[in-house]
Amino acid sequence: MASYSTNEFRGGLKVLLDGDPCIILENEFVKPGKGQAFNRVKLRNLMTNRVWERTFKSGESLEAADVIDQDMEYLYTDGEFWHFMKTDGSFEQYPADAKAVGDTVKWLKEQDVYTVTLYNGAPLTVTPPNFVELEVVDTDPGMKGDTAQGGSKPATLSTGAVVNVPLFITIGEVLKVDTRTGEYVSRVKSS
Amino acid sequence: MTDQPVWQPAASQAALKSRAQQLAFVRGFFAHRGVMEVETPVLGRCGVTDVNLDGIPAQVSASGIEGGWLQTSPEYHMKRLLAAGSGPIYQVSKVFRNGERGRRHNPEFSMLEWYRPGFDDRDLMAEVSDLVCGWLGCERPEILHYRDAVETWAHVDPFESTERELMRRCEEWLEPEQLAGLGRDGCLDLLMSFAVEPNLGIERPVFITGYPASQASLARVSEHQGHRVAHRFELYIHGIELCNGYWELTDPVEQRRRFEADNHQRRLSGKPEMPIDGAFLAALEQGLPDCAGVALGLDRLLMLKLGATDISDVLAFPFERA
(Lines give C-alpha, C1' and ligand atoms only; values in the text may rest on other atoms or scores of the structure.)
Protein backbone atom coordinates (compact mmCIF):
# COMPACT_ATOMS: atom_id res chain seq x y z
CA MET A 1 0.00 0.00 0.00
CA ALA A 2 1.15 3.52 -0.74
CA SER A 3 2.17 5.91 1.99
CA TYR A 4 2.02 9.67 2.34
CA SER A 5 4.88 11.82 3.60
CA THR A 6 4.14 14.94 5.69
CA ASN A 7 4.47 17.25 2.70
CA GLU A 8 1.64 15.34 0.99
CA PHE A 9 -0.69 15.77 3.98
CA ARG A 10 -3.86 17.70 3.28
CA GLY A 11 -7.50 17.78 4.27
CA GLY A 12 -9.45 14.76 3.02
CA LEU A 13 -6.49 12.38 2.84
CA LYS A 14 -7.26 8.92 4.25
CA VAL A 15 -4.46 7.35 6.25
CA LEU A 16 -3.83 4.55 8.74
CA LEU A 17 -2.97 5.62 12.27
CA ASP A 18 -2.50 3.13 15.08
CA GLY A 19 -4.08 0.57 12.75
CA ASP A 20 -7.31 2.50 12.22
CA PRO A 21 -8.40 4.31 9.05
CA CYS A 22 -8.53 8.07 9.60
CA ILE A 23 -9.33 11.10 7.49
CA ILE A 24 -7.14 14.21 7.79
CA LEU A 25 -9.27 17.21 8.76
CA GLU A 26 -6.59 19.86 9.21
CA ASN A 27 -2.85 19.99 8.65
CA GLU A 28 -0.80 22.79 10.17
CA PHE A 29 2.83 23.20 9.10
CA VAL A 30 5.04 24.70 11.80
CA LYS A 31 8.73 25.51 11.51
CA PRO A 32 11.08 27.84 13.30
CA GLY A 33 13.21 29.54 10.63
CA LYS A 34 16.36 27.53 11.10
CA GLY A 35 14.87 24.61 12.96
CA GLN A 36 13.12 21.30 12.60
CA ALA A 37 9.69 21.41 10.87
CA PHE A 38 6.60 19.72 12.30
CA ASN A 39 3.07 19.03 11.14
CA ARG A 40 0.25 19.36 13.64
CA VAL A 41 -2.55 17.24 12.24
CA LYS A 42 -6.21 16.80 13.17
CA LEU A 43 -7.68 13.49 12.06
CA ARG A 44 -11.01 11.76 12.48
CA ASN A 45 -10.82 8.08 13.23
CA LEU A 46 -13.32 6.55 10.82
CA MET A 47 -13.88 3.53 13.09
CA THR A 48 -14.78 5.49 16.22
CA ASN A 49 -15.55 8.93 14.72
CA ARG A 50 -13.29 10.39 17.39
CA VAL A 51 -11.06 13.36 16.48
CA TRP A 52 -7.35 12.96 17.20
CA GLU A 53 -4.65 15.61 17.27
CA ARG A 54 -1.17 14.37 16.47
CA THR A 55 2.22 15.89 15.73
CA PHE A 56 4.62 14.59 13.09
CA LYS A 57 8.21 15.45 12.32
CA SER A 58 8.60 16.73 8.80
CA GLY A 59 9.51 13.76 6.61
CA GLU A 60 7.60 11.16 8.61
CA SER A 61 4.98 9.25 6.68
CA LEU A 62 1.69 7.44 7.20
CA GLU A 63 0.37 4.47 5.31
CA ALA A 64 -2.55 5.22 3.00
CA ALA A 65 -5.86 3.70 4.09
CA ASP A 66 -7.80 1.80 1.43
CA VAL A 67 -10.97 3.81 1.97
CA ILE A 68 -13.31 4.75 -0.88
CA ASP A 69 -16.82 6.15 -1.12
CA GLN A 70 -19.24 4.37 -3.46
CA ASP A 71 -22.82 5.11 -4.48
CA MET A 72 -24.93 2.03 -3.78
CA GLU A 73 -28.59 1.11 -3.90
CA TYR A 74 -30.13 -0.33 -0.74
CA LEU A 75 -31.74 -3.72 -1.47
CA TYR A 76 -33.02 -5.41 1.69
CA THR A 77 -32.11 -6.59 5.15
CA ASP A 78 -31.97 -10.17 6.36
CA GLY A 79 -32.04 -9.05 9.96
CA GLU A 80 -28.30 -9.33 10.43
CA PHE A 81 -26.98 -7.50 7.37
CA TRP A 82 -28.25 -4.70 5.18
CA HIS A 83 -27.50 -5.43 1.56
CA PHE A 84 -26.34 -2.78 -0.91
CA MET A 85 -25.59 -2.96 -4.62
CA LYS A 86 -23.21 -0.89 -6.73
CA THR A 87 -24.93 1.47 -9.15
CA ASP A 88 -22.25 1.13 -11.82
CA GLY A 89 -24.05 -1.74 -13.55
CA SER A 90 -21.80 -4.41 -12.04
CA PHE A 91 -24.57 -5.65 -9.71
CA GLU A 92 -21.87 -6.27 -7.09
CA GLN A 93 -23.43 -6.58 -3.66
CA TYR A 94 -22.04 -5.64 -0.23
CA PRO A 95 -23.49 -6.65 3.15
CA ALA A 96 -23.21 -3.92 5.80
CA ASP A 97 -23.49 -4.83 9.47
CA ALA A 98 -25.37 -2.88 12.14
CA LYS A 99 -22.23 -0.98 13.13
CA ALA A 100 -21.67 0.24 9.56
CA VAL A 101 -25.30 1.17 9.06
CA GLY A 102 -25.56 2.88 12.44
CA ASP A 103 -28.19 5.61 12.71
CA THR A 104 -28.67 5.59 8.94
CA VAL A 105 -30.91 2.54 9.44
CA LYS A 106 -33.85 4.83 10.09
CA TRP A 107 -33.52 6.42 6.64
CA LEU A 108 -33.06 3.24 4.60
CA LYS A 109 -35.60 2.82 1.86
CA GLU A 110 -35.35 0.11 -0.73
CA GLN A 111 -34.05 1.23 -4.13
CA ASP A 112 -32.77 4.56 -2.81
CA VAL A 113 -29.08 5.36 -3.28
CA TYR A 114 -26.69 5.83 -0.33
CA THR A 115 -22.98 6.51 0.01
CA VAL A 116 -21.23 3.41 1.28
CA THR A 117 -17.69 3.93 2.53
CA LEU A 118 -15.61 0.82 1.92
CA TYR A 119 -12.53 0.05 4.01
CA ASN A 120 -10.41 -2.76 2.57
CA GLY A 121 -13.41 -3.62 0.42
CA ALA A 122 -15.96 -3.96 3.25
CA PRO A 123 -18.62 -1.41 4.25
CA LEU A 124 -17.35 0.83 7.05
CA THR A 125 -20.13 3.43 7.13
CA VAL A 126 -23.34 4.15 5.26
CA THR A 127 -24.30 7.79 4.73
CA PRO A 128 -27.79 8.82 3.61
CA PRO A 129 -28.39 11.58 1.08
CA ASN A 130 -29.10 14.96 2.72
CA PHE A 131 -32.80 14.64 1.91
CA VAL A 132 -35.01 11.55 1.76
CA GLU A 133 -38.68 11.18 0.86
CA LEU A 134 -40.65 8.82 3.09
CA GLU A 135 -44.31 7.93 3.61
CA VAL A 136 -46.15 8.59 6.89
CA VAL A 137 -47.44 5.30 8.28
CA ASP A 138 -48.73 6.58 11.60
CA THR A 139 -49.70 9.90 13.14
CA ASP A 140 -52.59 11.41 15.08
CA PRO A 141 -55.39 12.60 12.83
CA GLY A 142 -55.13 16.23 11.80
CA MET A 143 -57.46 18.53 13.73
CA LYS A 144 -59.99 20.70 11.96
CA GLY A 145 -58.98 24.26 11.34
CA ASP A 146 -55.26 23.52 11.66
CA THR A 147 -53.21 25.77 9.48
CA ALA A 148 -49.56 26.01 8.70
CA GLN A 149 -48.87 28.06 11.80
CA GLY A 150 -47.98 26.64 15.16
CA GLY A 151 -48.13 23.20 16.69
CA SER A 152 -46.49 19.94 15.77
CA LYS A 153 -46.95 16.25 16.43
CA PRO A 154 -44.83 13.11 15.99
CA ALA A 155 -45.25 11.06 12.82
CA THR A 156 -43.84 7.60 12.18
CA LEU A 157 -42.39 7.07 8.70
CA SER A 158 -42.23 3.87 6.65
CA THR A 159 -38.65 3.22 7.80
CA GLY A 160 -39.56 3.53 11.47
CA ALA A 161 -38.08 7.03 11.86
CA VAL A 162 -40.15 9.40 13.97
CA VAL A 163 -40.13 13.09 13.02
CA ASN A 164 -42.03 16.11 14.23
CA VAL A 165 -44.47 17.31 11.61
CA PRO A 166 -47.09 20.07 11.36
CA LEU A 167 -50.56 19.15 12.63
CA PHE A 168 -52.11 19.01 9.14
CA ILE A 169 -50.03 16.01 8.02
CA THR A 170 -52.03 12.79 7.58
CA ILE A 171 -51.23 9.10 7.16
CA GLY A 172 -50.23 8.15 3.62
CA GLU A 173 -48.60 11.46 2.76
CA VAL A 174 -44.98 11.48 1.53
CA LEU A 175 -42.63 13.87 3.33
CA LYS A 176 -39.25 15.33 2.52
CA VAL A 177 -36.94 15.03 5.54
CA ASP A 178 -33.46 16.43 6.18
CA THR A 179 -31.36 13.47 7.36
CA ARG A 180 -28.67 15.70 8.90
CA THR A 181 -31.08 17.25 11.39
CA GLY A 182 -33.88 14.68 11.29
CA GLU A 183 -36.32 17.51 10.60
CA TYR A 184 -39.41 17.68 8.42
CA VAL A 185 -38.87 19.91 5.37
CA SER A 186 -42.07 19.74 3.29
CA ARG A 187 -44.78 17.58 1.84
CA VAL A 188 -44.05 15.92 -1.47
CA LYS A 189 -46.81 16.32 -4.05
CA SER A 190 -48.08 12.87 -4.86
CA SER A 191 -48.29 12.24 -8.57
CA MET B 1 -4.95 16.26 -7.08
CA THR B 2 -7.63 17.00 -9.66
CA ASP B 3 -8.26 20.52 -8.40
CA GLN B 4 -9.64 22.93 -10.95
CA PRO B 5 -7.14 25.65 -11.82
CA VAL B 6 -7.97 29.02 -10.27
CA TRP B 7 -6.81 32.03 -12.27
CA GLN B 8 -7.79 34.76 -9.80
CA PRO B 9 -5.26 36.15 -7.30
CA ALA B 10 -5.62 35.00 -3.70
CA ALA B 11 -4.81 38.41 -2.21
CA SER B 12 -7.35 41.22 -2.32
CA GLN B 13 -6.70 44.38 -4.33
CA ALA B 14 -6.22 46.20 -1.03
CA ALA B 15 -3.54 43.69 0.05
CA LEU B 16 -1.73 44.02 -3.29
CA LYS B 17 -1.76 47.78 -2.93
CA SER B 18 -0.43 47.55 0.61
CA ARG B 19 2.34 45.26 -0.68
CA ALA B 20 3.40 47.92 -3.17
CA GLN B 21 3.35 50.56 -0.42
CA GLN B 22 5.44 48.34 1.84
CA LEU B 23 8.06 47.90 -0.86
CA ALA B 24 8.19 51.68 -1.42
CA PHE B 25 8.53 52.20 2.34
CA VAL B 26 11.43 49.74 2.56
CA ARG B 27 13.28 51.32 -0.37
CA GLY B 28 12.75 54.79 1.06
CA PHE B 29 14.00 53.65 4.48
CA PHE B 30 17.30 52.36 3.11
CA ALA B 31 17.79 55.15 0.58
CA HIS B 32 17.51 57.62 3.44
CA ARG B 33 20.16 55.71 5.42
CA GLY B 34 22.59 55.34 2.54
CA VAL B 35 22.28 51.56 2.28
CA MET B 36 22.71 50.43 -1.31
CA GLU B 37 20.20 48.11 -2.99
CA VAL B 38 21.79 45.11 -4.72
CA GLU B 39 20.64 42.15 -6.76
CA THR B 40 22.26 38.74 -6.49
CA PRO B 41 21.36 35.46 -8.21
CA VAL B 42 18.11 33.70 -7.41
CA LEU B 43 19.58 30.81 -9.34
CA GLY B 44 22.92 29.86 -7.84
CA ARG B 45 25.55 27.19 -8.40
CA CYS B 46 25.33 25.84 -4.83
CA GLY B 47 22.64 25.08 -2.31
CA VAL B 48 23.04 25.22 1.47
CA THR B 49 24.15 22.64 4.01
CA ASP B 50 21.59 23.64 6.69
CA VAL B 51 20.04 20.44 7.99
CA ASN B 52 16.55 21.93 8.17
CA LEU B 53 16.55 23.82 4.88
CA ASP B 54 15.68 21.93 1.72
CA GLY B 55 16.65 23.78 -1.40
CA ILE B 56 14.96 23.29 -4.76
CA PRO B 57 17.34 21.97 -7.40
CA ALA B 58 17.20 23.53 -10.84
CA GLN B 59 18.17 21.60 -13.92
CA VAL B 60 20.13 24.25 -15.71
CA SER B 61 22.39 23.50 -18.59
CA ALA B 62 24.48 26.44 -19.73
CA SER B 63 28.12 27.21 -20.53
CA GLY B 64 29.05 23.62 -19.79
CA ILE B 65 27.61 23.76 -16.27
CA GLU B 66 24.82 21.41 -15.23
CA GLY B 67 22.54 21.78 -12.22
CA GLY B 68 22.08 24.77 -9.96
CA TRP B 69 19.84 25.63 -7.03
CA LEU B 70 17.10 28.14 -6.36
CA GLN B 71 18.52 30.10 -3.44
CA THR B 72 17.12 29.62 0.07
CA SER B 73 18.57 33.03 0.98
CA PRO B 74 20.81 35.62 -0.73
CA GLU B 75 23.24 35.46 2.20
CA TYR B 76 26.34 33.94 0.59
CA HIS B 77 26.20 36.12 -2.48
CA MET B 78 25.64 39.27 -0.42
CA LYS B 79 28.59 38.41 1.82
CA ARG B 80 30.73 38.04 -1.30
CA LEU B 81 29.74 41.60 -2.22
CA LEU B 82 30.66 42.75 1.30
CA ALA B 83 34.04 41.05 1.03
CA ALA B 84 34.53 42.88 -2.27
CA GLY B 85 34.02 46.21 -0.49
CA SER B 86 30.35 47.01 -1.18
CA GLY B 87 29.72 48.77 2.13
CA PRO B 88 26.20 48.55 3.63
CA ILE B 89 23.78 46.74 1.30
CA TYR B 90 20.21 45.46 1.20
CA GLN B 91 18.20 43.30 -1.12
CA VAL B 92 14.57 42.40 -1.70
CA SER B 93 14.57 38.95 -3.28
CA LYS B 94 12.55 35.84 -3.87
CA VAL B 95 13.84 32.82 -1.97
CA PHE B 96 12.80 29.18 -2.17
CA ARG B 97 12.40 26.39 0.38
CA ASN B 98 11.13 22.99 -0.54
CA GLY B 99 8.29 21.39 1.40
CA GLU B 100 7.36 24.54 3.31
CA ARG B 101 3.68 25.35 3.02
CA GLY B 102 1.29 26.42 5.74
CA ARG B 103 -0.47 29.45 7.13
CA ARG B 104 2.90 31.21 7.45
CA HIS B 105 4.88 29.44 4.74
CA ASN B 106 4.95 29.32 0.97
CA PRO B 107 7.76 27.49 -0.89
CA GLU B 108 8.59 30.79 -2.63
CA PHE B 109 8.58 33.96 -0.55
CA SER B 110 9.91 37.51 -0.41
CA MET B 111 12.90 38.18 1.77
CA LEU B 112 14.39 41.48 2.79
CA GLU B 113 18.01 40.97 3.74
CA TRP B 114 20.54 43.59 4.75
CA TYR B 115 24.09 43.91 6.08
CA ARG B 116 25.67 46.63 8.13
CA PRO B 117 29.49 46.77 8.37
CA GLY B 118 30.53 48.02 11.80
CA PHE B 119 27.24 47.04 13.48
CA ASP B 120 26.86 44.35 16.12
CA ASP B 121 23.64 42.46 16.93
CA ARG B 122 22.42 45.19 19.32
CA ASP B 123 22.92 47.94 16.72
CA LEU B 124 21.09 45.95 14.09
CA MET B 125 18.20 45.11 16.42
CA ALA B 126 17.72 48.85 16.86
CA GLU B 127 17.63 49.35 13.11
CA VAL B 128 15.17 46.46 12.64
CA SER B 129 12.95 48.16 15.24
CA ASP B 130 13.13 51.45 13.31
CA LEU B 131 12.07 49.74 10.11
CA VAL B 132 9.37 47.44 11.49
CA CYS B 133 7.83 49.88 13.95
CA GLY B 134 8.07 52.68 11.41
CA TRP B 135 5.96 50.63 9.01
CA LEU B 136 3.59 48.90 11.45
CA GLY B 137 3.33 51.79 13.89
CA CYS B 138 3.92 49.35 16.75
CA GLU B 139 5.61 49.75 20.11
CA ARG B 140 9.38 49.17 20.05
CA PRO B 141 10.32 45.56 20.90
CA GLU B 142 11.60 44.41 24.27
CA ILE B 143 14.56 42.04 24.38
CA LEU B 144 14.18 38.61 25.94
CA HIS B 145 16.84 35.94 26.36
CA TYR B 146 16.12 32.59 24.67
CA ARG B 147 16.77 30.86 27.96
CA ASP B 148 14.22 32.97 29.83
CA ALA B 149 11.60 32.50 27.11
CA VAL B 150 11.99 28.71 27.12
CA GLU B 151 11.99 28.53 30.92
CA THR B 152 8.90 30.72 31.18
CA TRP B 153 6.70 28.92 28.68
CA ALA B 154 8.18 25.45 28.23
CA HIS B 155 9.37 24.99 31.84
CA VAL B 156 12.73 23.52 30.93
CA ASP B 157 16.20 25.04 30.91
CA PRO B 158 17.55 24.93 27.34
CA PHE B 159 21.13 24.91 28.62
CA GLU B 160 20.98 22.91 31.86
CA SER B 161 18.16 20.39 31.33
CA THR B 162 19.34 16.97 30.21
CA GLU B 163 18.29 15.57 26.85
CA ARG B 164 16.11 13.07 28.74
CA GLU B 165 14.30 15.90 30.50
CA LEU B 166 13.76 17.72 27.22
CA MET B 167 12.41 14.55 25.61
CA ARG B 168 10.05 13.92 28.49
CA ARG B 169 8.71 17.44 28.09
CA CYS B 170 8.17 16.79 24.36
CA GLU B 171 5.98 13.75 25.09
CA GLU B 172 3.07 16.16 25.27
CA TRP B 173 3.31 16.33 21.46
CA LEU B 174 5.21 13.28 20.22
CA GLU B 175 5.05 9.52 20.82
CA PRO B 176 8.16 8.00 22.40
CA GLU B 177 9.20 6.32 19.13
CA GLN B 178 9.00 9.66 17.29
CA LEU B 179 11.32 11.25 19.84
CA ALA B 180 14.19 8.95 18.98
CA GLY B 181 16.69 10.79 16.83
CA LEU B 182 15.12 14.19 17.44
CA GLY B 183 18.10 15.27 19.51
CA ARG B 184 18.52 18.19 21.83
CA ASP B 185 17.99 20.89 19.23
CA GLY B 186 15.02 19.08 17.68
CA CYS B 187 13.38 18.94 21.11
CA LEU B 188 14.05 22.64 21.64
CA ASP B 189 12.61 23.44 18.19
CA LEU B 190 9.45 21.54 19.10
CA LEU B 191 9.09 23.32 22.42
CA MET B 192 9.82 26.65 20.74
CA SER B 193 7.15 26.02 18.08
CA PHE B 194 4.37 24.70 20.28
CA ALA B 195 4.97 26.01 23.80
CA VAL B 196 6.89 29.25 23.39
CA GLU B 197 6.19 30.96 20.04
CA PRO B 198 2.43 31.32 20.44
CA ASN B 199 3.16 33.50 23.52
CA LEU B 200 5.78 35.75 21.97
CA GLY B 201 5.12 39.36 21.08
CA ILE B 202 1.48 39.34 22.11
CA GLU B 203 1.48 42.45 24.31
CA ARG B 204 4.48 44.01 22.66
CA PRO B 205 6.99 42.94 19.96
CA VAL B 206 9.92 40.97 21.35
CA PHE B 207 13.43 40.10 20.23
CA ILE B 208 14.67 36.68 21.31
CA THR B 209 18.45 36.60 21.66
CA GLY B 210 21.18 34.39 23.04
CA TYR B 211 20.40 31.13 21.23
CA PRO B 212 22.35 28.01 22.17
CA ALA B 213 25.63 27.81 20.28
CA SER B 214 24.37 24.66 18.54
CA GLN B 215 21.79 26.89 16.83
CA ALA B 216 24.26 29.63 15.90
CA SER B 217 24.14 28.93 12.17
CA LEU B 218 26.21 31.83 10.77
CA ALA B 219 26.38 33.91 13.93
CA ARG B 220 29.42 34.38 16.11
CA VAL B 221 29.39 32.75 19.54
CA SER B 222 30.45 34.05 22.94
CA GLU B 223 30.18 33.18 26.64
CA HIS B 224 27.17 34.42 28.56
CA GLN B 225 26.54 33.41 32.20
CA GLY B 226 28.76 30.36 31.72
CA HIS B 227 27.08 29.16 28.51
CA ARG B 228 28.14 29.45 24.91
CA VAL B 229 25.47 31.52 23.18
CA ALA B 230 25.04 32.73 19.62
CA HIS B 231 24.83 36.42 18.73
CA ARG B 232 21.63 35.66 16.91
CA PHE B 233 18.26 37.34 17.26
CA GLU B 234 14.72 36.81 16.06
CA LEU B 235 11.83 39.23 16.20
CA TYR B 236 8.34 38.01 17.14
CA ILE B 237 5.12 39.96 16.80
CA HIS B 238 1.78 38.32 17.67
CA GLY B 239 3.47 34.92 17.75
CA ILE B 240 4.83 35.38 14.22
CA GLU B 241 8.55 34.94 13.63
CA LEU B 242 9.50 37.91 11.51
CA CYS B 243 13.26 37.98 11.12
CA ASN B 244 16.51 36.24 11.91
CA GLY B 245 19.72 38.20 12.38
CA TYR B 246 23.35 37.60 13.27
CA TRP B 247 26.41 39.39 14.34
CA GLU B 248 28.14 37.62 11.52
CA LEU B 249 30.76 34.96 11.81
CA THR B 250 33.78 36.10 9.77
CA ASP B 251 36.16 33.22 10.53
CA PRO B 252 36.50 30.99 7.42
CA VAL B 253 37.94 28.07 9.39
CA GLU B 254 35.04 28.05 11.84
CA GLN B 255 32.59 28.51 8.96
CA ARG B 256 33.96 25.48 7.12
CA ARG B 257 33.80 23.48 10.34
CA ARG B 258 30.09 24.35 10.73
CA PHE B 259 29.34 23.40 7.11
CA GLU B 260 31.03 20.07 7.64
CA ALA B 261 29.13 19.55 10.90
CA ASP B 262 25.89 20.27 8.99
CA ASN B 263 26.75 17.62 6.43
CA HIS B 264 27.59 15.17 9.19
CA GLN B 265 24.15 15.83 10.69
CA ARG B 266 22.57 15.41 7.25
CA ARG B 267 24.22 12.01 6.88
CA LEU B 268 22.85 10.96 10.28
CA SER B 269 19.32 11.98 9.39
CA GLY B 270 19.45 10.30 5.99
CA LYS B 271 19.50 13.51 3.98
CA PRO B 272 21.84 14.01 1.03
CA GLU B 273 25.03 15.90 1.79
CA MET B 274 25.33 19.27 0.10
CA PRO B 275 28.46 20.55 -1.62
CA ILE B 276 30.10 23.36 0.34
CA ASP B 277 30.05 26.73 -1.41
CA GLY B 278 33.73 27.27 -2.18
CA ALA B 279 33.25 30.77 -3.59
CA PHE B 280 31.65 31.88 -0.32
CA LEU B 281 34.45 30.41 1.79
CA ALA B 282 37.04 32.02 -0.50
CA ALA B 283 35.36 35.39 0.09
CA LEU B 284 35.55 34.82 3.86
CA GLU B 285 39.24 34.01 3.50
CA GLN B 286 39.72 37.25 1.61
CA GLY B 287 38.04 38.98 4.56
CA LEU B 288 34.42 39.71 5.41
CA PRO B 289 34.23 43.08 7.18
CA ASP B 290 32.97 42.97 10.75
CA CYS B 291 29.22 43.26 10.24
CA ALA B 292 25.75 42.31 11.34
CA GLY B 293 23.07 41.06 8.96
CA VAL B 294 19.41 40.16 9.08
CA ALA B 295 16.77 38.47 6.93
CA LEU B 296 13.16 39.55 7.30
CA GLY B 297 10.07 37.92 5.80
CA LEU B 298 8.22 40.59 3.85
CA ASP B 299 5.08 38.50 3.37
CA ARG B 300 4.76 38.04 7.12
CA LEU B 301 5.41 41.73 7.69
CA LEU B 302 2.50 42.44 5.36
CA MET B 303 0.35 39.89 7.22
CA LEU B 304 0.99 41.85 10.42
CA LYS B 305 0.25 45.15 8.70
CA LEU B 306 -3.11 43.84 7.46
CA GLY B 307 -3.98 41.58 10.40
CA ALA B 308 -4.03 38.56 8.06
CA THR B 309 -3.80 35.09 9.60
CA ASP B 310 -2.89 33.25 6.40
CA ILE B 311 0.02 34.06 4.11
CA SER B 312 -2.23 33.27 1.14
CA ASP B 313 -4.16 36.45 1.95
CA VAL B 314 -1.12 38.57 1.07
CA LEU B 315 0.26 36.61 -1.91
CA ALA B 316 -1.00 37.27 -5.41
CA PHE B 317 -0.55 33.62 -6.28
CA PRO B 318 0.35 31.18 -3.49
CA PHE B 319 1.89 27.93 -4.73
CA GLU B 320 -1.43 26.13 -5.36
CA ARG B 321 -2.38 28.91 -7.79
CA ALA B 322 1.08 29.72 -9.09
# chains A, B, ... in the order shown; residues from 1 in each chain; ligands from 1
>>> interface_residues(of="chain A", to="chain B", cutoff="6 Å", atoms="only C-alpha atoms", output="MDAnalysis selection string")
chainID A and resid 7 29 35:36 55
>>> residues_around(residues="segment 112-128 of chain A", least_positions_apart="4", cutoff="6 Å", atoms="only C-alpha atoms", output="PDB file with N, CA and C atoms, in the first residue's frame")
ATOM      1  N   ASP A  66      -7.001   2.164   2.595  1.00  0.00           N
ATOM      2  CA  ASP A  66      -7.802   1.805   1.429  1.00  0.00           C
ATOM      3  C   ASP A  66      -9.270   2.101   1.742  1.00  0.00           C
ATOM      4  N   VAL A  67      -9.614   3.367   1.642  1.00  0.00           N
ATOM      5  CA  VAL A  67     -10.969   3.813   1.967  1.00  0.00           C
ATOM      6  C   VAL A  67     -11.540   4.535   0.752  1.00  0.00           C
ATOM      7  N   ILE A  68     -12.680   4.045   0.241  1.00  0.00           N
ATOM      8  CA  ILE A  68     -13.309   4.748  -0.884  1.00  0.00           C
ATOM      9  C   ILE A  68     -14.817   4.863  -0.657  1.00  0.00           C
ATOM     10  N   ASP A  69     -15.371   5.942  -1.192  1.00  0.00           N
ATOM     11  CA  ASP A  69     -16.819   6.150  -1.122  1.00  0.00           C
ATOM     12  C   ASP A  69     -17.455   5.665  -2.418  1.00  0.00           C
ATOM     13  N   GLN A  70     -18.551   4.904  -2.295  1.00  0.00           N
ATOM     14  CA  GLN A  70     -19.239   4.373  -3.463  1.00  0.00           C
ATOM     15  C   GLN A  70     -20.730   4.637  -3.345  1.00  0.00           C
ATOM     16  N   ASP A  71     -21.362   5.028  -4.460  1.00  0.00           N
ATOM     17  CA  ASP A  71     -22.822   5.113  -4.475  1.00  0.00           C
ATOM     18  C   ASP A  71     -23.392   3.704  -4.595  1.00  0.00           C
ATOM     19  N   MET A  72     -24.328   3.370  -3.703  1.00  0.00           N
ATOM     20  CA  MET A  72     -24.934   2.033  -3.776  1.00  0.00           C
ATOM     21  C   MET A  72     -26.415   2.109  -3.459  1.00  0.00           C
ATOM     22  N   GLU A  73     -27.142   1.190  -4.097  1.00  0.00           N
ATOM     23  CA  GLU A  73     -28.588   1.110  -3.895  1.00  0.00           C
ATOM     24  C   GLU A  73     -28.860   0.157  -2.738  1.00  0.00           C
ATOM     25  N   TYR A  74     -29.776   0.568  -1.851  1.00  0.00           N
ATOM     26  CA  TYR A  74     -30.135  -0.326  -0.738  1.00  0.00           C
ATOM     27  C   TYR A  74     -31.135  -1.351  -1.248  1.00  0.00           C
ATOM     28  N   ALA A  96     -23.690  -4.818   4.746  1.00  0.00           N
ATOM     29  CA  ALA A  96     -23.206  -3.916   5.799  1.00  0.00           C
ATOM     30  C   ALA A  96     -23.802  -4.366   7.130  1.00  0.00           C
ATOM     31  N   ALA A 100     -21.887  -0.594  10.743  1.00  0.00           N
ATOM     32  CA  ALA A 100     -21.665   0.243   9.563  1.00  0.00           C
ATOM     33  C   ALA A 100     -22.913   1.063   9.243  1.00  0.00           C
ATOM     34  N   VAL A 101     -24.053   0.470   9.396  1.00  0.00           N
ATOM     35  CA  VAL A 101     -25.299   1.166   9.058  1.00  0.00           C
ATOM     36  C   VAL A 101     -25.612   2.237  10.100  1.00  0.00           C
TER      37      VAL A 101
END
